[in-house]
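Colleague: Before anything else, here's the structure in question.
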Amino acid sequence: MNKSLLRGQGPKIHLHRAIAYIHTHVRVQEFCHRRSWHLWQLRRPPILERQDGWNGQRSRRPHPPGTFVTAATGDCGAIYSPVIRQGSKTTIEGDAKVVAVDYSNKESIKNALTGVDVVICTISRTALDLQAGIAAAAKEAGVKLFIPSEFGNVSEGETQGMFGQKAGIQTELKTLDIPCTNFYTGPFADKIWAPFLDLDVRSGKVTIGGNGNKQISFTSRADIARYVSYVLTRLPAEQLNNRSFMIAGDNKSFNDIFKGFEVKTGRKVEVTYVPISEFDARLAANPNDLPALLHKFFATAGPFPKTDNHLYPDWNPSLVLDHVPVS
């Protein structure tokens, strides 16, 4: 019988995070019962100045965590050992051993990854370029599986902005010849309702692309954590290596979501619809215009044609309306 890559004698799993601050949305202890995962952290400047919203106004905002906690279930037997940037003053709850790493030093990364089976990256878009170097060090350290920071729309074949960068990293990983697994989840159901994307429904005014009727596959970060930990600890290695998983917690159009919000709260939402051609023009002027890139995807990509939800029979993910903020 084939055994899961992570079953057996307490394998080590690295959860890779690139964030400005520790911000756990799911307590690790709730899932792994003091078993463990490896946590990577890369510090970036906590405040970024960028073009936000549709009106071109500049604003300063905390750098978003862009991450979630992947946690083990059942008898995964993983060993929790957070890894942080050297010089960081971050502290971790519990009895985990914290390992400091110099991301500019391959030997430092290799030493941290020695004896590790799996590296999971939930690195943010501001540090995506670090993944190839981390993967190269991981391969030399004997890591068996590398999971790049996808966790969103399908990036394969894309060329623009963040998605193009992710596609380029996949090409680099293939050149490195390290086994990889991609997880495509659609936008985070619990994260996108922000002024940054003009989707703050609590304000009573939102902006979306197209006519708002295109369905979108959403998944919350907690549900992603459960799914990833499940398949890593249940499926044999040959069903993980060089494979892409598509999962969806819920498929909904923005129009349906806003109607649901109105029913739930009794408050009206004023929706501004922007032509897709406007996104194209903005991206032609600035390929790194993230709001334009995401709204174009929301308006054109559609839901995943098929999913791998069935591989976790008891997953039962939450609905997107469970996560739309009401207050």
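Each chain in the structure tokens gets a letter, A, B and so on, in the order shown; residues start at 1 in every chain, and ligands are counted from 1 in the order they appear.
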Env of A:Ser217: 12 Å cut, atoms = only C-alpha atoms, seq-sep filter 2 positions within chain, self excluded. Answer as number ranges by chain.

Modeller: A: 151-154, 184-189, 214-215, 219-220, 246-254, 297-299, 301-307, 319-320

Colleague: For the interface of stretch 214-244 of chain A with stretch 161-174 of chain A (cut-off 12 Å, counting only C-alpha atoms), please tabulate each contacting residue of stretch 214-244 of chain A alongside its nearest pair of atoms and their separation in Å to one decimal, rows sorted by chain and increasing number, as a Markdown table.

Modeller:
| residue | atom | partner | partner_atom | distance |
| --- | --- | --- | --- | --- |
| A:Asn241 | CA | A:Lys174 | CA | 11.6 |
| A:Asn242 | CA | A:Lys174 | CA | 8.9 |
| A:Arg243 | CA | A:Gln170 | CA | 11.7 |
| A:Ser244 | CA | A:Gln170 | CA | 11.3 |

Colleague: What does the distance between atom CA of A:Pro275 and atom CA of A:Val263 come to in Å, to one decimal place?

Modeller: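 For atom CA of A:Pro275 relative to atom CA of A:Val263, the distance reads 26.9 Å.
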
Colleague: If DSSP is run on the backbone, what residues of stretch 171-260 of chain A are strand (DSSP E)? A reply as a PyMOL selection string would be ideal.

Modeller: chain A and resi 181-184+205-209+215-218+243-246+250-253

Colleague: Out of A:Ala285, A:Ala100, A:Leu240, A:Val143, which residue has the shortest atom-to-atom distance to A:Val119 when counting only C-alpha atoms?

Modeller: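 Using only C-alpha atoms, A:Val119 sits closest to A:Val143.
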
Colleague: Out of A:Gly204, A:Glu278, A:Lys110, A:Val118, which residue has the shortest atom-to-atom distance to A:Ser229 when counting only C-alpha atoms?

Modeller: A:Val118

Colleague: Suppose you want the space between atom CA of A:Lys205 and atom CA of A:Thr272; what is it in Å?

Modeller: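 Between atom CA of A:Lys205 and atom CA of A:Thr272 the gap is 7.8 Å.
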
Colleague: When you count only C-alpha atoms, which of these residues is closest to A:Asp102: A:Ile134, A:Leu145, A:Asp308, A:Thr126?

Modeller: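 The answer is A:Ile134, which sits nearest to A:Asp102.
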
Colleague: Near A:Val274, counting only C-alpha atoms, which residues have an atom at most 10 Å away, once you skip same-chain residues fewer than 5 positions from it, shown as an MDAnalysis selection string?

Modeller: chainID A and resid 54 207:212 279 295:296 299

Colleague: Can I get the selected residues back with all heavy atoms, as a PDB file, in the first residue's frame?

Modeller:
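Written file, part.pdb:
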ATOM      1  N   TRP A  54     -10.089  53.095  -7.483  1.00  0.00           N
ATOM      2  CA  TRP A  54     -10.330  53.431  -8.878  1.00  0.00           C
ATOM      3  C   TRP A  54     -10.122  54.919  -9.161  1.00  0.00           C
ATOM      4  O   TRP A  54     -10.068  55.337 -10.306  1.00  0.00           O
ATOM      5  CB  TRP A  54     -11.760  53.060  -9.243  1.00  0.00           C
ATOM      6  CG  TRP A  54     -12.003  51.621  -9.052  1.00  0.00           C
ATOM      7  CD1 TRP A  54     -12.489  51.007  -7.949  1.00  0.00           C
ATOM      8  CD2 TRP A  54     -11.741  50.578  -9.986  1.00  0.00           C
ATOM      9  NE1 TRP A  54     -12.551  49.661  -8.133  1.00  0.00           N
ATOM     10  CE2 TRP A  54     -12.110  49.371  -9.373  1.00  0.00           C
ATOM     11  CE3 TRP A  54     -11.239  50.549 -11.294  1.00  0.00           C
ATOM     12  CZ2 TRP A  54     -11.984  48.146 -10.015  1.00  0.00           C
ATOM     13  CZ3 TRP A  54     -11.124  49.329 -11.925  1.00  0.00           C
ATOM     14  CH2 TRP A  54     -11.490  48.148 -11.285  1.00  0.00           C
ATOM     15  N   THR A 207     -17.096  48.632  -6.338  1.00  0.00           N
ATOM     16  CA  THR A 207     -16.806  48.725  -7.761  1.00  0.00           C
ATOM     17  C   THR A 207     -16.359  47.364  -8.263  1.00  0.00           C
ATOM     18  O   THR A 207     -15.489  46.730  -7.646  1.00  0.00           O
ATOM     19  CB  THR A 207     -15.694  49.750  -8.041  1.00  0.00           C
ATOM     20  OG1 THR A 207     -16.105  51.031  -7.538  1.00  0.00           O
ATOM     21  CG2 THR A 207     -15.411  49.867  -9.529  1.00  0.00           C
ATOM     22  N   ILE A 208     -16.948  46.899  -9.372  1.00  0.00           N
ATOM     23  CA  ILE A 208     -16.568  45.606  -9.941  1.00  0.00           C
ATOM     24  C   ILE A 208     -16.478  45.742 -11.456  1.00  0.00           C
ATOM     25  O   ILE A 208     -16.946  46.716 -12.039  1.00  0.00           O
ATOM     26  CB  ILE A 208     -17.556  44.485  -9.562  1.00  0.00           C
ATOM     27  CG1 ILE A 208     -18.972  44.829 -10.028  1.00  0.00           C
ATOM     28  CG2 ILE A 208     -17.519  44.228  -8.062  1.00  0.00           C
ATOM     29  CD1 ILE A 208     -19.965  43.707  -9.783  1.00  0.00           C
ATOM     30  N   GLY A 209     -15.896  44.723 -12.085  1.00  0.00           N
ATOM     31  CA  GLY A 209     -15.726  44.748 -13.522  1.00  0.00           C
ATOM     32  C   GLY A 209     -16.815  43.984 -14.256  1.00  0.00           C
ATOM     33  O   GLY A 209     -17.456  43.087 -13.700  1.00  0.00           O
ATOM     34  N   GLY A 210     -17.038  44.344 -15.503  1.00  0.00           N
ATOM     35  CA  GLY A 210     -18.057  43.666 -16.288  1.00  0.00           C
ATOM     36  C   GLY A 210     -19.448  43.969 -15.768  1.00  0.00           C
ATOM     37  O   GLY A 210     -19.715  45.028 -15.222  1.00  0.00           O
ATOM     38  N   ASN A 211     -20.336  42.965 -15.899  1.00  0.00           N
ATOM     39  CA  ASN A 211     -21.718  43.165 -15.443  1.00  0.00           C
ATOM     40  C   ASN A 211     -22.008  42.540 -14.085  1.00  0.00           C
ATOM     41  O   ASN A 211     -23.136  42.604 -13.597  1.00  0.00           O
ATOM     42  CB  ASN A 211     -22.703  42.631 -16.481  1.00  0.00           C
ATOM     43  CG  ASN A 211     -22.525  41.137 -16.748  1.00  0.00           C
ATOM     44  OD1 ASN A 211     -21.876  40.420 -15.971  1.00  0.00           O
ATOM     45  ND2 ASN A 211     -23.091  40.661 -17.850  1.00  0.00           N
ATOM     46  N   GLY A 212     -21.004  41.924 -13.468  1.00  0.00           N
ATOM     47  CA  GLY A 212     -21.176  41.359 -12.130  1.00  0.00           C
ATOM     48  C   GLY A 212     -21.859  40.018 -12.082  1.00  0.00           C
ATOM     49  O   GLY A 212     -22.100  39.481 -10.991  1.00  0.00           O
ATOM     50  N   PHE A 279      -9.785  48.003 -17.603  1.00  0.00           N
ATOM     51  CA  PHE A 279      -8.717  47.234 -16.967  1.00  0.00           C
ATOM     52  C   PHE A 279      -7.562  47.038 -17.938  1.00  0.00           C
ATOM     53  O   PHE A 279      -6.391  47.151 -17.571  1.00  0.00           O
ATOM     54  CB  PHE A 279      -9.216  45.863 -16.514  1.00  0.00           C
ATOM     55  CG  PHE A 279     -10.379  45.901 -15.572  1.00  0.00           C
ATOM     56  CD1 PHE A 279     -11.460  45.062 -15.774  1.00  0.00           C
ATOM     57  CD2 PHE A 279     -10.403  46.761 -14.493  1.00  0.00           C
ATOM     58  CE1 PHE A 279     -12.531  45.078 -14.912  1.00  0.00           C
ATOM     59  CE2 PHE A 279     -11.465  46.788 -13.624  1.00  0.00           C
ATOM     60  CZ  PHE A 279     -12.544  45.943 -13.838  1.00  0.00           C
ATOM     61  N   HIS A 295      -9.511  42.513 -10.746  1.00  0.00           N
ATOM     62  CA  HIS A 295     -10.885  42.726 -11.206  1.00  0.00           C
ATOM     63  C   HIS A 295     -11.080  42.202 -12.633  1.00  0.00           C
ATOM     64  O   HIS A 295     -12.172  41.738 -12.977  1.00  0.00           O
ATOM     65  CB  HIS A 295     -11.260  44.200 -11.102  1.00  0.00           C
ATOM     66  CG  HIS A 295     -11.762  44.586  -9.747  1.00  0.00           C
ATOM     67  ND1 HIS A 295     -13.015  44.238  -9.303  1.00  0.00           N
ATOM     68  CD2 HIS A 295     -11.167  45.264  -8.727  1.00  0.00           C
ATOM     69  CE1 HIS A 295     -13.184  44.700  -8.067  1.00  0.00           C
ATOM     70  NE2 HIS A 295     -12.075  45.322  -7.698  1.00  0.00           N
ATOM     71  N   LYS A 296     -10.040  42.255 -13.454  1.00  0.00           N
ATOM     72  CA  LYS A 296     -10.156  41.667 -14.785  1.00  0.00           C
ATOM     73  C   LYS A 296     -10.358  40.151 -14.665  1.00  0.00           C
ATOM     74  O   LYS A 296     -11.187  39.573 -15.379  1.00  0.00           O
ATOM     75  CB  LYS A 296      -8.912  41.978 -15.622  1.00  0.00           C
ATOM     76  CG  LYS A 296      -8.973  41.361 -17.010  1.00  0.00           C
ATOM     77  CD  LYS A 296      -7.750  41.683 -17.859  1.00  0.00           C
ATOM     78  CE  LYS A 296      -7.837  41.001 -19.209  1.00  0.00           C
ATOM     79  NZ  LYS A 296      -6.672  41.310 -20.089  1.00  0.00           N
ATOM     80  N   ALA A 299     -13.828  39.314 -13.544  1.00  0.00           N
ATOM     81  CA  ALA A 299     -14.849  39.565 -14.560  1.00  0.00           C
ATOM     82  C   ALA A 299     -14.779  38.610 -15.741  1.00  0.00           C
ATOM     83  O   ALA A 299     -15.745  38.501 -16.504  1.00  0.00           O
ATOM     84  CB  ALA A 299     -14.726  41.005 -15.068  1.00  0.00           C
TER      85      ALA A 299
END

Colleague: Grab the atom CA of A:Arg221 to atom CA of A:Asp117 distance for me, in Å with one decimal place.

Modeller: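 These two atoms are separated by 22.9 Å.
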
Colleague: My list of candidates is A:Thr181, A:Ser277, A:Ser327, A:Ser104. Which is closest to A:Lys264 when distances are computed with only C-alpha atoms?

Modeller: A:Ser327

Colleague: Can you work out which one of A:Glu107, A:Arg125, A:Gly157, A:Asp322 has the shortest atom-to-atom distance to A:Ala137, counting only C-alpha atoms?

Modeller: A:Glu107

Colleague: Using only C-alpha atoms, which residue out of A:Thr122, A:Asn316, A:Gln131, A:Gln239 lies closest to A:Ile109?

Modeller: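 Ranking A:Thr122, A:Asn316, A:Gln131, A:Gln239 by distance to A:Ile109, first place goes to A:Gln131.
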